[in-house]
Amino acid sequence: MEVELSALAGRARIHAALGDPARLAIVDALTLGDASPGEIAHTLDLPTNLVAHHVKVLTDAGLVTKGRSEGDRRRTYLRLRPETLAALATPRLTGVERVVFVCTHNSARSQLAAALWKRRTNSAAASAGTKPALRVHPRAIAVAHRHHLDLDPTGTAHVSEVVRGNDLVIAVCDNAHEDLTGPVRPRLHWSVPDPVRVDTDEAFESAYADLADRVDRLAPAVIPGDPQ
């Protein structure tokens, strides 16, 4: 917990350093190349003493480093540290062998999410339900077809038949999230409204768009393989 708090404190310092428009402009200016404080002041039309203040804040936060010119040794160049900016990225989930999406009936949201994950990551995924239906909902099959996804109309299953160790279990409905309190516990919860309740093409398209957005956001954060 102490390690987590330390990492959070470091990220908070970076966010605070970037919270000023002038400092954010300096970071933007250094994204593609190095520059001296004087060049930064000229580019951004800022007083040199104000640039010096902002550079100190950015340096203290680990965002910028200084180096002497190999030509005119009196000149200093500023360089951005991209690895510090990378610390602001989404926290990583490591040791994930497979992602399993769970909803109540395993007839729509979890099916679409698993298909989206396979296409987005080209890696293993599965779906299951706490009270699986006999078949996948026809509108789920239709929306999958419109977006070039393949769903097996009879491919529903219970969580006890699907989930295994090292699976990243994601509940894509509120009921599944709240019902799974035993050995199978969702690590993540996506509160996606049930399109079956409304039972229109628009509701299923909305659920698809919600799931696609969430899959795109999560995919870069998942690191596959056995835990170290």
# chains A, B, ... in the order shown; residues from 1 in each chain; ligands from 1
call {"tool": "residues_around", "arguments": {"residues": "segment 151-167 of chain A", "least_positions_apart": "4", "cutoff": "9 Å", "atoms": "only C-alpha atoms", "output": "PyMOL selection string"}}
result
chain A and resi 95-100+102+105-107+111-112+115+126-138+140-141+144-145+184+226-227
call {"tool": "write_last_selection", "arguments": {"atoms": "C-alpha atoms", "output": "PDB file, in the first residue's frame"}}
result
ATOM      1  CA  GLY A  95      -0.499 -11.605 -15.661  1.00  0.00           C
ATOM      2  CA  VAL A  96      -3.786 -11.815 -17.564  1.00  0.00           C
ATOM      3  CA  GLU A  97      -4.138 -15.132 -19.407  1.00  0.00           C
ATOM      4  CA  ARG A  98      -7.653 -14.493 -20.663  1.00  0.00           C
ATOM      5  CA  VAL A  99     -10.463 -11.945 -20.333  1.00  0.00           C
ATOM      6  CA  VAL A 100     -13.942 -13.211 -19.453  1.00  0.00           C
ATOM      7  CA  VAL A 102     -19.956 -11.773 -17.571  1.00  0.00           C
ATOM      8  CA  HIS A 105     -28.042 -14.130 -19.331  1.00  0.00           C
ATOM      9  CA  ASN A 106     -24.890 -14.211 -21.476  1.00  0.00           C
ATOM     10  CA  SER A 107     -27.114 -13.332 -24.400  1.00  0.00           C
ATOM     11  CA  GLN A 111     -21.149 -11.854 -25.953  1.00  0.00           C
ATOM     12  CA  LEU A 112     -20.518  -8.562 -27.752  1.00  0.00           C
ATOM     13  CA  ALA A 115     -16.138 -10.600 -29.611  1.00  0.00           C
ATOM     14  CA  ALA A 126     -14.752 -15.700 -23.360  1.00  0.00           C
ATOM     15  CA  SER A 127     -18.179 -14.817 -22.017  1.00  0.00           C
ATOM     16  CA  ALA A 128     -20.554 -16.308 -19.464  1.00  0.00           C
ATOM     17  CA  GLY A 129     -23.708 -15.617 -17.494  1.00  0.00           C
ATOM     18  CA  THR A 130     -24.941 -15.998 -13.935  1.00  0.00           C
ATOM     19  CA  LYS A 131     -28.290 -17.225 -15.302  1.00  0.00           C
ATOM     20  CA  PRO A 132     -27.515 -18.053 -18.930  1.00  0.00           C
ATOM     21  CA  ALA A 133     -30.242 -18.034 -21.544  1.00  0.00           C
ATOM     22  CA  LEU A 134     -30.647 -20.840 -24.052  1.00  0.00           C
ATOM     23  CA  ARG A 135     -29.662 -18.666 -26.989  1.00  0.00           C
ATOM     24  CA  VAL A 136     -27.974 -15.394 -27.841  1.00  0.00           C
ATOM     25  CA  HIS A 137     -30.486 -12.603 -28.343  1.00  0.00           C
ATOM     26  CA  PRO A 138     -31.374 -12.108 -32.040  1.00  0.00           C
ATOM     27  CA  ALA A 140     -27.272  -9.030 -30.419  1.00  0.00           C
ATOM     28  CA  ILE A 141     -26.556 -11.283 -33.387  1.00  0.00           C
ATOM     29  CA  ALA A 144     -22.719  -8.081 -34.325  1.00  0.00           C
ATOM     30  CA  HIS A 145     -23.383  -8.822 -37.990  1.00  0.00           C
ATOM     31  CA  VAL A 184     -15.726 -15.929  -8.921  1.00  0.00           C
ATOM     32  CA  ASP A 226       1.698 -15.512 -16.265  1.00  0.00           C
ATOM     33  CA  PRO A 227       2.223 -13.297 -13.188  1.00  0.00           C
TER      34      PRO A 227
END
call {"tool": "select_by_dssp", "arguments": {"residues": "segment 33-224 of chain A", "states": "alpha helix (DSSP H)", "output": "ChimeraX atom specification"}}
result
/A:37-44,48-60,82-86,109-121,138-146,159-162,174-179,195-198,201-218
call {"tool": "residues_around", "arguments": {"residues": "Ala142 of chain A", "least_positions_apart": "5", "cutoff": "10 Å", "atoms": "only C-alpha atoms", "output": "list of chain:residue names"}}
result
A:His137, A:His147, A:His148, A:Leu149, A:Asp150, A:Leu151, A:Asp201, A:Phe204, A:Glu205
call {"tool": "select_by_dssp", "arguments": {"residues": "segment 147-225 of chain A", "states": "strand (DSSP E)", "output": "PyMOL selection string"}}
result
chain A and resi 167-171+188-189+222-224
call {"tool": "atom_distance", "arguments": {"atom1": "atom CA of Leu50 of chain A", "atom2": "atom CA of Val27 of chain A"}}
result
14.7 Å
call {"tool": "closest_residue", "arguments": {"among": "A:Asp72, A:Glu39, A:Asp28, A:Asp210", "to": "Arg109 of chain A", "atoms": "only C-alpha atoms"}}
result
A:Asp210
call {"tool": "atom_distance", "arguments": {"atom1": "atom CA of Pro186 of chain A", "atom2": "atom CA of Ala12 of chain A"}}
result
28.2 Å
call {"tool": "atom_distance", "arguments": {"atom1": "atom CA of Pro47 of chain A", "atom2": "atom CA of Asp60 of chain A"}}
result
20.3 Å
call {"tool": "closest_residue", "arguments": {"among": "A:Leu93, A:Ala114, A:Leu44, A:Ala125", "to": "Leu211 of chain A", "atoms": "only C-alpha atoms"}}
result
A:Ala114
call {"tool": "residues_around", "arguments": {"residues": "His189 of chain A", "least_positions_apart": "5", "cutoff": "7 Å", "atoms": "only C-alpha atoms", "output": "MDAnalysis selection string"}}
result
chainID A and resid 170:172 177
call {"tool": "write_last_selection", "arguments": {"atoms": "N, CA and C atoms", "output": "PDB file, in the first residue's frame"}}
result
ATOM      1  N   ILE A 170     -14.678  -9.529 -15.993  1.00  0.00           N
ATOM      2  CA  ILE A 170     -15.281  -8.212 -16.078  1.00  0.00           C
ATOM      3  C   ILE A 170     -16.796  -8.367 -16.123  1.00  0.00           C
ATOM      4  N   ALA A 171     -17.479  -7.818 -15.137  1.00  0.00           N
ATOM      5  CA  ALA A 171     -18.942  -7.818 -15.137  1.00  0.00           C
ATOM      6  C   ALA A 171     -19.417  -6.650 -15.986  1.00  0.00           C
ATOM      7  N   VAL A 172     -20.205  -6.947 -17.008  1.00  0.00           N
ATOM      8  CA  VAL A 172     -20.679  -5.888 -17.894  1.00  0.00           C
ATOM      9  C   VAL A 172     -22.141  -5.539 -17.617  1.00  0.00           C
ATOM     10  N   HIS A 177     -22.381  -8.061 -11.400  1.00  0.00           N
ATOM     11  CA  HIS A 177     -21.411  -7.484 -10.472  1.00  0.00           C
ATOM     12  C   HIS A 177     -21.848  -7.683  -9.029  1.00  0.00           C
TER      13      HIS A 177
END
call {"tool": "residues_around", "arguments": {"residues": "segment 14-20 of chain A", "least_positions_apart": "6", "cutoff": "9 Å", "atoms": "only C-alpha atoms", "output": "PyMOL selection string"}}
result
chain A and resi 27+54+57-58+60-63+84-85+87-88
call {"tool": "residues_around", "arguments": {"residues": "Leu218 of chain A", "least_positions_apart": "4", "cutoff": "12 Å", "atoms": "only C-alpha atoms", "output": "list in words"}}
result
Ala89, Thr90, Pro91, Arg92, Leu93, Val99, Ala113, Leu116, Trp117, Arg120, Thr121, Leu168, Ile170, Leu188, His189, Trp190, Leu211, Ala212, Asp213, Arg214, Val222 and Ile223 of chain A
call {"tool": "closest_residue", "arguments": {"among": "A:Ala35, A:Val196, A:Ala86, A:Cys103", "to": "Asp174 of chain A", "atoms": "only C-alpha atoms"}}
result
A:Cys103
call {"tool": "closest_residue", "arguments": {"among": "A:Lys56, A:Lys66, A:Arg139, A:Lys118", "to": "Leu78 of chain A", "atoms": "only C-alpha atoms"}}
result
A:Lys66
call {"tool": "decode", "arguments": {"residues": "segment 104-116 of chain A", "atoms": "N, CA and C atoms", "output": "PDB file, in the first residue's frame"}}
result
ATOM      1  N   THR A 104     -25.815 -11.250 -16.914  1.00  0.00           N
ATOM      2  CA  THR A 104     -26.782 -12.170 -16.319  1.00  0.00           C
ATOM      3  C   THR A 104     -27.078 -13.341 -17.246  1.00  0.00           C
ATOM      4  N   HIS A 105     -27.567 -13.067 -18.452  1.00  0.00           N
ATOM      5  CA  HIS A 105     -28.042 -14.130 -19.331  1.00  0.00           C
ATOM      6  C   HIS A 105     -27.035 -14.554 -20.396  1.00  0.00           C
ATOM      7  N   ASN A 106     -25.908 -13.877 -20.479  1.00  0.00           N
ATOM      8  CA  ASN A 106     -24.890 -14.211 -21.476  1.00  0.00           C
ATOM      9  C   ASN A 106     -25.483 -14.241 -22.882  1.00  0.00           C
ATOM     10  N   SER A 107     -26.426 -13.320 -23.118  1.00  0.00           N
ATOM     11  CA  SER A 107     -27.114 -13.332 -24.400  1.00  0.00           C
ATOM     12  C   SER A 107     -26.892 -12.073 -25.225  1.00  0.00           C
ATOM     13  N   ALA A 108     -26.198 -11.068 -24.652  1.00  0.00           N
ATOM     14  CA  ALA A 108     -26.013  -9.831 -25.414  1.00  0.00           C
ATOM     15  C   ALA A 108     -24.702  -9.136 -25.048  1.00  0.00           C
ATOM     16  N   ARG A 109     -24.695  -8.419 -23.913  1.00  0.00           N
ATOM     17  CA  ARG A 109     -23.541  -7.575 -23.588  1.00  0.00           C
ATOM     18  C   ARG A 109     -22.241  -8.363 -23.461  1.00  0.00           C
ATOM     19  N   SER A 110     -22.255  -9.447 -22.712  1.00  0.00           N
ATOM     20  CA  SER A 110     -21.018 -10.212 -22.523  1.00  0.00           C
ATOM     21  C   SER A 110     -20.558 -10.849 -23.828  1.00  0.00           C
ATOM     22  N   GLN A 111     -21.493 -11.277 -24.657  1.00  0.00           N
ATOM     23  CA  GLN A 111     -21.149 -11.854 -25.953  1.00  0.00           C
ATOM     24  C   GLN A 111     -20.484 -10.816 -26.855  1.00  0.00           C
ATOM     25  N   LEU A 112     -21.079  -9.631 -26.921  1.00  0.00           N
ATOM     26  CA  LEU A 112     -20.518  -8.562 -27.752  1.00  0.00           C
ATOM     27  C   LEU A 112     -19.153  -8.130 -27.240  1.00  0.00           C
ATOM     28  N   ALA A 113     -19.015  -8.026 -25.913  1.00  0.00           N
ATOM     29  CA  ALA A 113     -17.742  -7.591 -25.335  1.00  0.00           C
ATOM     30  C   ALA A 113     -16.620  -8.575 -25.657  1.00  0.00           C
ATOM     31  N   ALA A 114     -16.911  -9.876 -25.541  1.00  0.00           N
ATOM     32  CA  ALA A 114     -15.882 -10.888 -25.834  1.00  0.00           C
ATOM     33  C   ALA A 114     -15.473 -10.834 -27.300  1.00  0.00           C
ATOM     34  N   ALA A 115     -16.456 -10.677 -28.185  1.00  0.00           N
ATOM     35  CA  ALA A 115     -16.138 -10.600 -29.611  1.00  0.00           C
ATOM     36  C   ALA A 115     -15.335  -9.347 -29.929  1.00  0.00           C
ATOM     37  N   LEU A 116     -15.692  -8.239 -29.298  1.00  0.00           N
ATOM     38  CA  LEU A 116     -14.940  -6.998 -29.495  1.00  0.00           C
ATOM     39  C   LEU A 116     -13.511  -7.142 -28.994  1.00  0.00           C
TER      40      LEU A 116
END
